[in-house]
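S.K.: Starting off with a structure, shown below.
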Amino acid sequence: GKRPEDTKPYAMPQECPECGWAVERKDGEAALRCTNPHCPALGREGLIHFASKGAMDIEGCGPAVINQLLEAELIRDVSDLYLLTKEQLVVLDRMGEKSAENLVKAIAASKEQSFDRLLFGLGIRHVGAKVARLLAVHFGTVENLLAADAEQIAAIDDIGPKIAESVVTYLASPSNRDLLTRLKELGLNMEMQVQAVSEEHPFYGKTMVFTGTMPTLGRAEAQTMAQDAGAKVSGSVSKKTDYVVAGAEAGSKLTKAEQLGVTVIDEAEFLRLLSGGAAAGSGEAQETLF
């Protein structure tokens, strides 16, 4: 359709509304990005992402609180979160004793989050939750990851040269290396504890599909647990599927599983099989599960 006579074509911003540096568009990407590595907008988005559910999952540390912390100049980067005290927080608007105490506790608790969540939380370009997990499992520790070159990273299944390049660029930056050192000194978890996969486990080598909303587990979390037990997680149901784990509003995947006669289990059964894996083969332990 034609535009009305008096409209002006949309002019792409030439500079960042937050800090005034030039913006650029990377090849093949729609988004404009600020070229200032210390842009406060990038910092703010990065902090919000770091504290969010899929990353470090810091309860009570949503966008509004992050904005308050930045305005009060209590934090500059994610490592500063771990230095916050109750006394500093109590003076913020709408932050009582109890909320301040809870936030300090939640931040401290997030130090225990797994290394893959920390990697995801750093907001490295092209590194989503799945890639972060692949990197953490493959390299095991932050030292091994820092020592890796682009070729070694790109050699991992499902990670190509573009992602590898992005990871190496991030890790080569002195300020990012400093940040990782600070986080390590603050006691964050910088190595991946992966339990040895047992071939005896009921999910070992099985193909599983997750569908619908689980009562307590997030889907990504449930998939990760299944993968840790040696299962392959697939997005679609076929004759080769061994288990469909179905939550509320499961929809078409559940229907297809029923048509094909695939075993359908709920979250409770999934968790029972998951934990009962190690006990398989010892009669007594099995009995008590029922």
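Here's how to read the names in the structure tokens: chain A, B, ... by the order shown, residue numbers from 1 in each chain, ligand numbers from 1 in the order shown.
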Which residues are close to segment 114-131 of chain A, i.e. within 7 Å by only C-alpha atoms, leaving aside same-chain residues fewer than 6 positions away? Reply as a ChimeraX atom specification.
M.R.: /A:46,49-50,55-56,163,166-167,170,189-192
S.K.: Kindly save the residues from that selection, with C-alpha atoms included, as a compact mmCIF listing (two decimals), in the first residue's frame.
M.R.:
```
# COMPACT_ATOMS: atom_id res chain seq x y z
CA GLY A 46 23.54 -7.39 29.85
CA HIS A 49 20.01 -10.91 31.00
CA PHE A 50 22.59 -12.15 33.53
CA ALA A 55 20.74 -17.54 33.16
CA MET A 56 21.72 -16.96 36.81
CA ILE A 163 29.84 -19.01 16.92
CA SER A 166 32.30 -14.83 18.49
CA VAL A 167 33.39 -16.80 21.60
CA TYR A 170 34.72 -12.23 23.57
CA ASN A 189 31.16 -21.76 39.78
CA MET A 190 33.68 -21.95 36.92
CA GLU A 191 33.70 -25.64 36.20
CA MET A 192 31.13 -28.07 34.95
```
S.K.: Please identify which residues in segment 50-117 of chain A DSSP calls helix (DSSP H, G or I) from the backbone, and express them as a ChimeraX atom specification.
M.R.: /A:50-51,63-71,78-81,86-90,97-112,115-117
S.K.: Could you check which of A:Thr141, A:Asn36, A:Gln113, A:Gln193 is closest to Glu24 of chain A, using only C-alpha atoms?
M.R.: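 Selected residue with least distance to Glu24 of chain A: A:Asn36.
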S.K.: Between atom CA of Val209 of chain A and atom CA of Ala136 of chain A, what is the distance in Å, rounded to a tenth?
M.R.: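 Answer for the atom CA of Val209 of chain A to atom CA of Ala136 of chain A separation: 23.3 Å.
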S.K.: Using only C-alpha atoms, determine which residues lie at most 12 Å from Met12 of chain A, disregarding the query and same-chain residues fewer than 2 positions distant; provide the list as a list of chain:residue names.
M.R.: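 Final neighbour list, sorted by chain and number: A:Lys8, A:Pro9, A:Tyr10, A:Gln14, A:Glu15, A:Cys16, A:Pro17, A:Ala22, A:Val23, A:Glu24, A:Arg25, A:Ala30, A:Ala31, A:Leu32, A:Arg33.
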S.K.: Write a file of the just-selected residues containing all heavy atoms, as a short mmCIF file (atom, residue, chain, number, x, y, z; two decimals), in the first residue's frame.
M.R.:
```
data_model
loop_
_atom_site.label_atom_id
_atom_site.label_comp_id
_atom_site.auth_asym_id
_atom_site.auth_seq_id
_atom_site.Cartn_x
_atom_site.Cartn_y
_atom_site.Cartn_z
N LYS A 8 7.03 10.93 6.41
CA LYS A 8 8.45 10.93 6.05
C LYS A 8 8.93 9.50 6.15
O LYS A 8 8.49 8.76 7.03
CB LYS A 8 9.24 11.77 7.05
CG LYS A 8 8.91 13.25 7.02
CD LYS A 8 9.94 14.01 7.87
CE LYS A 8 9.68 15.50 7.89
NZ LYS A 8 8.51 15.86 8.71
N PRO A 9 9.86 9.09 5.26
CA PRO A 9 10.40 7.73 5.41
C PRO A 9 11.15 7.64 6.75
O PRO A 9 11.72 8.64 7.21
CB PRO A 9 11.37 7.59 4.23
CG PRO A 9 11.66 8.98 3.79
CD PRO A 9 10.47 9.82 4.15
N TYR A 10 11.13 6.46 7.36
CA TYR A 10 11.79 6.29 8.66
C TYR A 10 13.30 6.39 8.49
O TYR A 10 13.88 5.71 7.66
CB TYR A 10 11.44 4.92 9.26
CG TYR A 10 12.16 4.63 10.54
CD1 TYR A 10 11.85 5.35 11.69
CD2 TYR A 10 13.18 3.69 10.60
CE1 TYR A 10 12.51 5.12 12.88
CE2 TYR A 10 13.86 3.44 11.80
CZ TYR A 10 13.51 4.16 12.92
OH TYR A 10 14.18 3.93 14.10
N GLN A 14 21.55 7.24 13.43
CA GLN A 14 22.99 7.18 13.13
C GLN A 14 23.79 6.97 14.40
O GLN A 14 24.93 6.57 14.37
CB GLN A 14 23.45 8.51 12.49
CG GLN A 14 22.74 8.85 11.20
CD GLN A 14 23.05 7.85 10.10
OE1 GLN A 14 24.20 7.67 9.72
NE2 GLN A 14 22.02 7.18 9.60
N GLU A 15 23.15 7.32 15.52
CA GLU A 15 23.89 7.19 16.76
C GLU A 15 23.02 6.58 17.86
O GLU A 15 21.80 6.59 17.77
CB GLU A 15 24.45 8.54 17.20
CG GLU A 15 23.41 9.63 17.29
CD GLU A 15 24.04 10.98 17.61
OE1 GLU A 15 25.07 11.33 16.98
OE2 GLU A 15 23.51 11.67 18.50
N CYS A 16 23.69 6.08 18.87
CA CYS A 16 23.00 5.41 19.98
C CYS A 16 22.26 6.44 20.84
O CYS A 16 22.87 7.42 21.26
CB CYS A 16 24.03 4.66 20.82
SG CYS A 16 23.37 4.03 22.36
N PRO A 17 20.96 6.23 21.08
CA PRO A 17 20.21 7.21 21.88
C PRO A 17 20.73 7.30 23.32
O PRO A 17 20.51 8.29 24.01
CB PRO A 17 18.79 6.65 21.87
CG PRO A 17 18.91 5.22 21.50
CD PRO A 17 20.13 5.12 20.64
N ALA A 22 28.41 6.07 17.40
CA ALA A 22 27.84 5.61 16.15
C ALA A 22 27.26 4.20 16.32
O ALA A 22 27.73 3.41 17.13
CB ALA A 22 28.91 5.57 15.07
N VAL A 23 26.20 3.92 15.53
CA VAL A 23 25.68 2.55 15.53
C VAL A 23 26.06 1.89 14.21
O VAL A 23 26.32 2.57 13.21
CB VAL A 23 24.14 2.51 15.70
CG1 VAL A 23 23.74 2.93 17.09
CG2 VAL A 23 23.44 3.36 14.67
N GLU A 24 26.13 0.57 14.20
CA GLU A 24 26.46 -0.13 12.96
C GLU A 24 25.57 -1.35 12.84
O GLU A 24 24.98 -1.82 13.81
CB GLU A 24 27.93 -0.57 12.98
CG GLU A 24 28.22 -1.56 14.10
CD GLU A 24 29.57 -2.23 14.01
OE1 GLU A 24 30.39 -1.83 13.18
OE2 GLU A 24 29.79 -3.17 14.79
N ARG A 25 25.47 -1.84 11.61
CA ARG A 25 24.72 -3.05 11.39
C ARG A 25 25.69 -4.10 10.87
O ARG A 25 26.40 -3.88 9.91
CB ARG A 25 23.63 -2.79 10.36
CG ARG A 25 22.85 -4.03 10.02
CD ARG A 25 21.84 -3.75 8.94
NE ARG A 25 20.63 -3.22 9.53
CZ ARG A 25 19.70 -2.61 8.81
NH1 ARG A 25 19.87 -2.39 7.54
NH2 ARG A 25 18.59 -2.19 9.39
N ALA A 30 19.57 -7.75 11.20
CA ALA A 30 18.66 -6.62 11.11
C ALA A 30 18.98 -5.57 12.18
O ALA A 30 18.79 -4.38 11.97
CB ALA A 30 17.23 -7.10 11.28
N ALA A 31 19.48 -6.04 13.32
CA ALA A 31 19.63 -5.13 14.46
C ALA A 31 20.78 -4.15 14.28
O ALA A 31 21.85 -4.51 13.78
CB ALA A 31 19.85 -5.94 15.73
N LEU A 32 20.55 -2.94 14.70
CA LEU A 32 21.63 -1.96 14.78
C LEU A 32 22.26 -2.08 16.15
O LEU A 32 21.56 -2.26 17.14
CB LEU A 32 21.07 -0.54 14.65
CG LEU A 32 20.59 -0.12 13.26
CD1 LEU A 32 19.83 1.19 13.37
CD2 LEU A 32 21.77 0.06 12.32
N ARG A 33 23.57 -2.01 16.21
CA ARG A 33 24.24 -2.10 17.50
C ARG A 33 25.12 -0.89 17.74
O ARG A 33 25.74 -0.38 16.83
CB ARG A 33 25.13 -3.36 17.54
CG ARG A 33 24.34 -4.62 17.62
CD ARG A 33 25.23 -5.85 17.52
NE ARG A 33 24.39 -7.03 17.41
CZ ARG A 33 23.91 -7.68 18.46
NH1 ARG A 33 24.19 -7.29 19.67
NH2 ARG A 33 23.15 -8.74 18.29
#
```
S.K.: Let me make sure I understand: among A:Ala155, A:Ile66, A:Ala248, A:Ala132, which one has the smallest atom-to-atom distance to Thr216 of chain A if we use only C-alpha atoms?
M.R.: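 Among the listed residues, A:Ala248 lies closest to Thr216 of chain A.
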S.K.: Report as a PyMOL selection string all protein, DNA and RNA residues lying within 9 Å of Cys61 of chain A, evaluated on only C-alpha atoms, omitting residues in the same chain fewer than 6 positions from it.
M.R.: chain A and resi 48+51-52+103+106-107
S.K.: Can I get the selected residues back with N, CA, C and O atoms, as an mmCIF file, in the first residue's frame?
M.R.:
```
data_model
loop_
_atom_site.group_PDB
_atom_site.id
_atom_site.type_symbol
_atom_site.label_atom_id
_atom_site.label_comp_id
_atom_site.auth_asym_id
_atom_site.auth_seq_id
_atom_site.Cartn_x
_atom_site.Cartn_y
_atom_site.Cartn_z
ATOM 1 N N ILE A 48 20.492 -7.278 33.012
ATOM 2 C CA ILE A 48 19.145 -7.856 33.090
ATOM 3 C C ILE A 48 19.176 -9.309 32.624
ATOM 4 O O ILE A 48 18.599 -10.201 33.250
ATOM 5 N N ALA A 51 20.876 -11.762 35.217
ATOM 6 C CA ALA A 51 20.070 -12.101 36.395
ATOM 7 C C ALA A 51 18.802 -12.877 36.046
ATOM 8 O O ALA A 51 18.127 -13.399 36.923
ATOM 9 N N SER A 52 18.499 -12.990 34.732
ATOM 10 C CA SER A 52 17.211 -13.554 34.317
ATOM 11 C C SER A 52 17.099 -15.060 34.552
ATOM 12 O O SER A 52 18.084 -15.736 34.830
ATOM 13 N N LEU A 103 17.392 -10.217 48.593
ATOM 14 C CA LEU A 103 18.153 -10.016 47.362
ATOM 15 C C LEU A 103 19.622 -10.403 47.569
ATOM 16 O O LEU A 103 20.227 -11.096 46.744
ATOM 17 N N ALA A 106 19.750 -14.105 47.546
ATOM 18 C CA ALA A 106 19.529 -14.666 46.202
ATOM 19 C C ALA A 106 20.778 -14.509 45.337
ATOM 20 O O ALA A 106 21.144 -15.408 44.576
ATOM 21 N N ILE A 107 21.444 -13.367 45.476
ATOM 22 C CA ILE A 107 22.673 -13.129 44.694
ATOM 23 C C ILE A 107 23.757 -14.119 45.145
ATOM 24 O O ILE A 107 24.418 -14.751 44.319
#
```
S.K.: Counting only C-alpha atoms, which residue out of A:Asp242, A:Gly160, A:Glu101, A:Val65 sits closest to Ile265 of chain A?
M.R.: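 Selected residue with least distance to Ile265 of chain A: A:Asp242.
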S.K.: Rank nothing, just name the residue among A:Gln68, A:Ser198, A:Ser99, A:Thr181 nearest to Lys86 of chain A, using only C-alpha atoms.
M.R.: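 Answer, going by the shortest atom-to-atom distance: A:Ser99.
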